[in-house]
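K.L.:
start_33.tsv (TSV, C-alpha atoms) pasted underneath:
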chain	number	residue	atom	x	y	z
A	1	MET	CA	0.00	0.00	0.00
A	2	ALA	CA	1.24	3.48	-0.87
A	3	ILE	CA	1.23	5.30	2.46
A	4	GLN	CA	3.33	8.38	1.81
A	5	TRP	CA	0.33	10.56	2.56
A	6	LEU	CA	-0.18	8.65	5.84
A	7	LYS	CA	3.18	9.84	7.12
A	8	ARG	CA	2.00	13.34	6.35
A	9	LEU	CA	-1.19	12.67	8.29
A	10	VAL	CA	0.77	11.54	11.35
A	11	GLU	CA	2.59	14.88	11.37
A	12	LEU	CA	-0.66	16.81	11.00
A	13	ALA	CA	-2.54	14.79	13.61
A	14	SER	CA	0.27	15.30	16.09
A	15	GLY	CA	0.10	19.06	15.58
A	16	LYS	CA	3.53	19.41	14.00
A	17	ASP	CA	2.26	21.21	10.92
A	18	GLU	CA	-0.87	23.15	11.80
A	19	ALA	CA	-0.22	25.99	9.39
A	20	LYS	CA	-0.80	23.82	6.33
A	21	SER	CA	-3.93	22.01	7.48
A	22	THR	CA	-6.64	24.16	5.85
A	23	PRO	CA	-8.21	22.61	2.72
A	24	ALA	CA	-9.14	24.35	-0.49
A	25	ALA	CA	-12.21	25.31	-1.36
A	26	ALA	CA	-30.44	-2.73	6.85
A	27	PRO	CA	-32.08	-0.20	9.06
A	28	SER	CA	-35.28	-1.05	10.88
A	29	ARG	CA	-37.14	1.73	9.10
A	30	THR	CA	-36.72	3.67	5.88
A	31	PRO	CA	-34.11	6.40	6.46
A	32	VAL	CA	-35.10	9.95	5.65
A	33	ALA	CA	-32.54	12.40	4.34
A	34	VAL	CA	-32.05	15.43	6.55
A	35	ASP	CA	-31.09	18.72	4.94
A	36	MET	CA	-28.83	19.57	7.86
A	37	SER	CA	-25.90	21.96	7.46
A	38	ILE	CA	-24.48	20.93	10.81
A	39	ALA	CA	-20.97	21.89	9.78
A	40	ALA	CA	-21.80	25.59	10.04
A	41	VAL	CA	-20.04	26.38	13.30
A	42	GLU	CA	-21.72	29.01	15.47
A	43	THR	CA	-20.54	30.54	18.74
A	44	LYS	CA	-19.55	28.15	21.49
A	45	SER	CA	-22.12	29.48	23.94
A	46	ALA	CA	-25.02	29.18	21.51
A	47	ASP	CA	-24.20	25.80	19.99
A	48	PRO	CA	-23.95	22.60	22.08
A	49	LEU	CA	-22.31	20.87	19.10
A	50	PHE	CA	-19.65	23.56	18.72
A	51	GLY	CA	-16.78	21.24	19.63
A	52	VAL	CA	-18.06	18.37	17.49
A	53	LYS	CA	-18.39	20.63	14.46
A	54	LYS	CA	-14.97	22.14	15.02
A	55	GLY	CA	-13.46	18.68	15.38
A	56	GLY	CA	-15.11	17.51	12.16
A	57	LYS	CA	-13.76	20.49	10.30
A	58	GLU	CA	-10.26	19.80	11.60
A	59	VAL	CA	-10.43	16.12	10.63
A	60	ALA	CA	-11.52	17.10	7.12
A	61	ALA	CA	-8.74	19.68	6.85
A	62	LYS	CA	-6.02	17.36	8.09
A	63	LEU	CA	-7.05	14.45	5.92
A	64	PHE	CA	-7.37	16.73	2.89
A	65	SER	CA	-3.83	17.99	3.47
A	66	ALA	CA	-2.45	14.52	4.15
A	67	MET	CA	-3.90	13.05	0.95
A	68	SER	CA	-2.98	15.99	-1.28
A	69	SER	CA	0.08	16.07	-3.51
A	70	GLU	CA	1.61	18.35	-6.10
A	71	LYS	CA	-0.84	16.78	-8.56
A	72	GLY	CA	-3.84	17.69	-6.41
A	73	ILE	CA	-6.11	15.25	-4.59
A	74	HIS	CA	-7.97	12.12	-5.64
A	75	LEU	CA	-11.41	13.12	-4.42
A	76	GLU	CA	-12.89	9.63	-4.66
A	77	SER	CA	-10.18	8.30	-2.31
A	78	LEU	CA	-10.81	11.08	0.19
A	79	LEU	CA	-14.56	10.39	0.20
A	80	CYS	CA	-13.96	6.66	0.57
A	81	ALA	CA	-11.56	7.21	3.46
A	82	LEU	CA	-13.90	9.53	5.34
A	83	GLY	CA	-16.92	7.30	4.70
A	84	ALA	CA	-15.02	4.27	6.00
A	85	ILE	CA	-13.87	6.09	9.14
A	86	ALA	CA	-17.35	7.52	9.80
A	87	GLY	CA	-18.91	4.08	9.49
A	88	TYR	CA	-16.34	2.52	11.78
A	89	ALA	CA	-16.87	5.32	14.31
A	90	CYS	CA	-20.51	4.21	14.61
A	91	GLN	CA	-19.53	0.81	15.93
A	92	ILE	CA	-16.78	2.14	18.18
A	93	SER	CA	-19.20	4.63	19.73
A	94	VAL	CA	-21.75	1.90	20.49
A	95	ARG	CA	-19.05	-0.48	21.74
A	96	GLU	CA	-17.57	2.15	24.05
A	97	GLU	CA	-20.87	3.34	25.50
A	98	PHE	CA	-22.65	0.03	26.00
A	99	VAL	CA	-19.90	-2.59	26.29
A	100	HIS	CA	-17.03	-0.74	27.94
A	101	GLN	CA	-18.82	1.93	29.96
A	102	GLN	CA	-22.03	0.09	30.86
A	103	GLY	CA	-20.44	-3.34	31.08
A	104	ARG	CA	-22.99	-5.07	28.85
A	105	LEU	CA	-22.05	-8.21	26.97
A	106	GLU	CA	-21.11	-7.79	23.34
A	107	LYS	CA	-23.78	-10.30	22.30
A	108	ASP	CA	-26.42	-8.25	24.11
A	109	VAL	CA	-25.40	-5.03	22.37
A	110	PHE	CA	-24.86	-6.31	18.84
A	111	ILE	CA	-26.23	-9.04	16.64
A	112	VAL	CA	-22.95	-10.89	16.08
A	113	VAL	CA	-22.60	-12.90	12.89
A	114	ASN	CA	-19.63	-15.27	12.77
A	115	SER	CA	-18.63	-16.11	9.22
A	116	LYS	CA	-17.64	-19.71	8.57
A	117	GLN	CA	-15.93	-18.62	5.37
A	118	ASN	CA	-13.21	-16.48	6.94
A	119	GLY	CA	-13.72	-16.78	10.71
A	120	VAL	CA	-14.45	-13.06	11.09
A	121	SER	CA	-17.21	-11.68	13.32
A	122	TYR	CA	-19.50	-9.00	11.90
A	123	PHE	CA	-21.69	-6.69	13.98
A	124	PHE	CA	-25.28	-5.60	13.37
A	125	GLY	CA	-28.25	-4.31	15.37
A	126	ASP	CA	-30.54	-1.39	16.09
A	127	LEU	CA	-28.03	0.37	18.34
A	128	LEU	CA	-25.55	0.38	15.48
A	129	ASN	CA	-28.09	1.43	12.87
A	130	LYS	CA	-29.01	4.55	14.83
A	131	PRO	CA	-25.75	6.52	14.40
A	132	LEU	CA	-25.18	5.01	10.98
A	133	ALA	CA	-28.52	5.62	9.30
A	134	GLU	CA	-31.45	6.43	11.56
A	135	SER	CA	-30.76	9.32	13.92
A	136	LYS	CA	-31.06	13.03	13.17
A	137	TYR	CA	-27.28	13.36	12.98
A	138	SER	CA	-26.50	9.93	11.54
A	139	VAL	CA	-23.77	9.49	8.95
A	140	TRP	CA	-26.51	8.96	6.35
A	141	SER	CA	-28.48	12.05	7.37
A	142	LEU	CA	-25.47	14.33	7.36
A	143	SER	CA	-24.06	12.93	4.12
A	144	SER	CA	-27.33	12.85	2.19
A	145	GLY	CA	-28.31	16.28	3.49
A	146	ALA	CA	-25.01	17.78	2.30
A	147	SER	CA	-25.36	16.00	-1.06
A	148	GLN	CA	-28.80	17.50	-1.55
A	149	LYS	CA	-27.46	20.97	-0.81
A	150	VAL	CA	-24.84	20.59	-3.55
A	151	GLY	CA	-27.31	19.41	-6.16
A	152	LEU	CA	-28.36	15.79	-5.51
A	153	GLN	CA	-31.74	15.22	-7.15
A	154	ARG	CA	-32.40	11.58	-6.24
A	155	LEU	CA	-31.35	9.70	-3.14
A	156	ILE	CA	-29.37	6.51	-3.59
A	157	ASP	CA	-30.87	3.19	-2.45
A	158	LEU	CA	-29.43	2.79	1.03
A	159	HIS	CA	-31.34	-0.44	1.67
A	160	ASP	CA	-29.61	-1.96	-1.35
A	161	ILE	CA	-26.24	-1.18	0.20
A	162	PHE	CA	-27.28	-2.86	3.45
A	163	ARG	CA	-28.49	-5.93	1.53
A	164	HIS	CA	-25.27	-6.14	-0.43
A	165	VAL	CA	-23.17	-5.91	2.73
A	166	THR	CA	-25.19	-8.69	4.38
A	167	ASP	CA	-25.04	-10.88	1.27
A	168	THR	CA	-21.25	-10.62	0.97
A	169	LEU	CA	-20.20	-11.35	4.57
A	170	GLY	CA	-17.04	-13.44	4.59
A	171	GLN	CA	-16.50	-13.04	0.86
A	172	SER	CA	-13.77	-11.20	-1.04
A	173	SER	CA	-16.41	-8.78	-2.33
A	174	PHE	CA	-17.30	-7.62	1.19
A	175	GLY	CA	-16.38	-3.99	1.73
A	176	VAL	CA	-15.58	-3.36	-1.94
A	177	PRO	CA	-17.56	-0.30	-3.07
A	178	ARG	CA	-19.63	-0.92	-6.19
A	179	ILE	CA	-18.29	2.09	-8.03
A	180	PRO	CA	-17.33	2.42	-11.72
A	181	ALA	CA	-13.65	1.56	-12.18
A	182	VAL	CA	-12.76	5.06	-13.32
A	183	HIS	CA	-14.00	6.44	-9.98
A	184	LYS	CA	-12.65	3.81	-7.59
A	185	ALA	CA	-10.59	4.90	-4.60
A	186	LYS	CA	-6.91	4.06	-4.55
A	187	GLU	CA	-7.42	1.76	-1.55
A	188	LEU	CA	-10.24	-0.30	-0.10
A	189	PRO	CA	-12.23	1.07	2.85
A	190	ILE	CA	-10.69	-1.51	5.21
A	191	SER	CA	-7.20	-0.18	4.44
A	192	TYR	CA	-8.27	3.35	5.29
A	193	VAL	CA	-9.71	2.14	8.60
A	194	GLN	CA	-6.58	0.17	9.48
A	195	TYR	CA	-4.19	3.01	8.69
A	196	LEU	CA	-6.20	6.12	9.52
A	197	TRP	CA	-8.35	5.23	12.53
A	198	PRO	CA	-5.41	5.07	14.98
A	199	GLN	CA	-4.37	8.56	13.87
A	200	LEU	CA	-7.76	10.25	13.65
A	201	PHE	CA	-9.55	8.77	16.66
A	202	PRO	CA	-7.33	10.52	19.26
A	203	LEU	CA	-7.98	13.77	17.42
A	204	ALA	CA	-11.74	13.21	17.67
A	205	GLN	CA	-11.41	12.44	21.38
A	206	ARG	CA	-9.75	15.78	21.95
A	207	TYR	CA	-12.99	17.45	20.88
A	208	SER	CA	-15.41	15.18	22.72
A	209	GLN	CA	-15.20	12.31	25.19
A	210	LYS	CA	-18.85	11.40	24.56
A	211	PRO	CA	-19.03	8.24	22.41
A	212	GLY	CA	-22.26	9.38	20.79
A	213	ASP	CA	-20.48	12.44	19.40
A	214	TRP	CA	-17.80	10.52	17.49
A	215	PRO	CA	-19.91	9.41	14.48
A	216	VAL	CA	-21.36	12.92	14.29
A	217	LEU	CA	-17.89	14.46	14.26
A	218	PHE	CA	-16.76	12.25	11.38
A	219	GLY	CA	-20.10	12.87	9.65
A	220	VAL	CA	-19.32	16.58	9.81
A	221	ALA	CA	-15.96	15.85	8.20
A	222	VAL	CA	-17.78	14.06	5.38
A	223	GLN	CA	-20.08	17.06	5.00
A	224	GLU	CA	-17.13	19.43	4.76
A	225	ILE	CA	-15.64	17.51	1.84
A	226	LEU	CA	-19.01	17.09	0.12
A	227	PHE	CA	-19.59	20.83	0.31
A	228	ALA	CA	-16.07	21.54	-0.96
A	229	SER	CA	-16.53	19.10	-3.84
A	230	LYS	CA	-19.49	20.94	-5.37
A	231	GLY	CA	-19.05	21.01	-9.12
A	232	LEU	CA	-16.10	18.60	-8.99
A	233	ILE	CA	-17.95	15.29	-8.72
A	234	ASP	CA	-21.50	14.14	-9.31
A	235	PRO	CA	-23.22	14.35	-5.89
A	236	GLU	CA	-24.97	11.00	-6.38
A	237	LEU	CA	-21.64	9.31	-7.05
A	238	ALA	CA	-20.06	11.07	-4.08
A	239	LEU	CA	-22.83	9.91	-1.74
A	240	GLN	CA	-22.61	6.38	-3.14
A	241	ILE	CA	-18.87	6.27	-2.41
A	242	VAL	CA	-19.39	7.50	1.15
A	243	MET	CA	-22.13	5.03	2.05
A	244	GLU	CA	-20.65	2.05	0.16
A	245	SER	CA	-17.64	2.61	2.42
A	246	ALA	CA	-19.43	3.49	5.65
A	247	VAL	CA	-21.93	0.63	5.88
A	248	PRO	CA	-19.52	-2.34	5.62
A	249	MET	CA	-16.93	-0.66	7.84
A	250	SER	CA	-19.54	-0.28	10.59
A	251	LYS	CA	-19.72	-4.09	10.69
A	252	ILE	CA	-16.07	-4.94	11.33
A	253	TYR	CA	-13.92	-4.59	14.43
A	254	LEU	CA	-10.31	-3.53	14.00
A	255	SER	CA	-8.83	-6.52	15.83
A	256	ASP	CA	-10.31	-8.71	13.08
A	257	ALA	CA	-9.64	-6.26	10.27
A	258	SER	CA	-6.61	-8.07	8.87
A	259	SER	CA	-8.76	-11.10	8.18
A	260	VAL	CA	-11.59	-9.31	6.38
Translate this file's structure into structure tokens.

P.N.:
Amino acid sequence: MAIQWLKRLVELASGKDEAKSTPAAAPSRTPVAVDMSIAAVETKSADPLFGVKKGGKEVAAKLFSAMSSEKGIHLESLLCALGAIAGYACQISVREEFVHQQGRLEKDVFIVVNSKQNGVSYFFGDLLNKPLAESKYSVWSLSSGASQKVGLQRLIDLHDIFRHVTDTLGQSSFGVPRIPAVHKAKELPISYVQYLWPQLFPLAQRYSQKPGDWPVLFGVAVQEILFASKGLIDPELALQIVMESAVPMSKIYLSDASSV
């Protein structure tokens, strides 16, 4: 894997190069897109999500800088990376709140599916669907809302993505976005999770210690890039890349990631 940009990200995430971090301009019910410009940061006193929004903006800026080169940036790869991280954040937030903090058993928090094909465990359930696709500030709501603001006319079929993810558990096609070859990211979503999560998660924690905020923060980062990409990529394609990356990555746990 080409990880030159990852080394750059490590520098940015550690605060060594702040000056260059600003970028250029299936669920239980049918999800409803929310036209929510959450990334518009207001004053700290008036906005309870001030820190989450600020953190999302910083994540977007740092990842944009890290993945940029003298040739520019591969926008599809950036969207895939952020979608993958946002999806993974959904599971980590549920795992932290209900398993680690509340002491509940993993099997009582998630529907755990153990694949006989590759020995990997995959995680499902209503608690996971909420930050991923059902809540007001879910990854789906924030991403689809931003896509509509930049010109999306027709929502993608999110249920189809969930079905595809379920149908491909344990197979080589799991977690491979169904995107035209000319628009494919340079890496698979699982690679972005493996390499980027350890760098970006501590940054998110600096802005909020509340597990429920983490998917929102990364959803804001997705919004930032979707807004910045207006006119550069078809919004339907951009949303497809984000969700084709987010949904499967919400189902894996990093300790098993090398086997997926």

K.L.:
Using only C-alpha atoms, find the one residue out of A:Glu76, A:Ala146, A:Leu169, A:Ser138 that sits nearest to A:Ala181.

P.N.:
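Among A:Glu76, A:Ala146, A:Leu169, A:Ser138, it is A:Glu76 that comes nearest to A:Ala181.
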
K.L.:
Give me, please, the distance in Å between atom CA of A:Glu96 and atom CA of A:Gly170, quoted to one decimal.

P.N.:
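If I compute the distance from atom CA of A:Glu96 to atom CA of A:Gly170, I get 24.9 Å.
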
K.L.:
Give me, as a list in words, all polymer residues having an atom no more than 7 Å from stretch 230-247 of chain A, counting all atoms listed in the file and skipping those fewer than 3 positions away in the same chain.

P.N.:
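Here the answer would be Leu79, Cys80, Gly83, Ala84, Ala86, Gly87, Tyr88, Ser143, Ser144, Ser147, Val150, Gly151, Leu152, Ile156, Ile161, Phe162, Gly175, Pro177, Pro189, Leu226, Phe227 and Ser250 of chain A.
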
K.L.:
Give me the residues near A:Val113 as a list of chain:residue names, where near means some atom within 7 Å (using all atoms listed in the file) and where sequence neighbours in that chain fewer than 6 positions away do not count.

P.N.:
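Surrounding residues, per the criterion: A:Ser121, A:Tyr122, A:Phe123.
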
K.L.:
Could you give me, as a list in words, the residues within 7 Å of A:Leu217, counting all atoms listed in the file and dropping anything in the same chain fewer than 4 positions from it?

P.N.:
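Everything that qualifies: Val52, Lys53, Gly55, Gly56, Asp213 and Ala221 of chain A.
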
K.L.:
Which residue gives the smallest distance to A:Tyr137 among A:Gln205, A:Gln171, A:Gln223, A:Gln102, with all atoms listed in the file counted?

P.N.:
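Among A:Gln205, A:Gln171, A:Gln223, A:Gln102, it is A:Gln223 that comes nearest to A:Tyr137.
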
K.L.:
Using all atoms listed in the file, which of A:Tyr207, A:Tyr195, A:Phe174, A:Phe124 sits nearest A:Glu58?

P.N.:
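Of the candidates, the smallest distance to A:Glu58 is held by A:Tyr207.
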
K.L.:
From the set A:Gly219, A:Pro131, A:Pro248, A:Gly145, which residue has the shortest atom-to-atom contact distance to A:Ser93, counting all atoms listed in the file?

P.N.:
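Using all atoms listed in the file, A:Ser93 sits closest to A:Pro131.
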
K.L.:
Check the smallest atom-to-atom distance from each of A:Lys251, A:Arg206, A:Lys130, A:Arg154 to A:Lys54 using all atoms listed in the file, then report the winner.

P.N.:
A:Arg206

K.L.:
What's the separation between atom CA of A:Lys62 and atom CA of A:Ile92, in Å to one decimal place?

P.N.:
21.2 Å

K.L.:
Atom CA of A:Ala228 and atom CA of A:Ala46, how far apart in Å?

P.N.:
25.4 Å

K.L.:
Restricting the calculation to only C-alpha atoms: of A:Lys186, A:Trp214, A:Asn118, A:Leu203, which residue gets closest to A:Ser172?

P.N.:
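Once distances to A:Ser172 are computed over only C-alpha atoms, the minimum belongs to A:Asn118.
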
K.L.:
Grab all the atoms of stretch 59-69 of chain A that the file lists, wrap them in a box along x, y and z, add 5 Å per side, and give me centre plus edge lengths in Å (one decimal) as JSON.

P.N.:
{"center_x": -5.7, "center_y": 16.4, "center_z": 3.6, "size_x": 21.6, "size_y": 16.6, "size_z": 24.1}
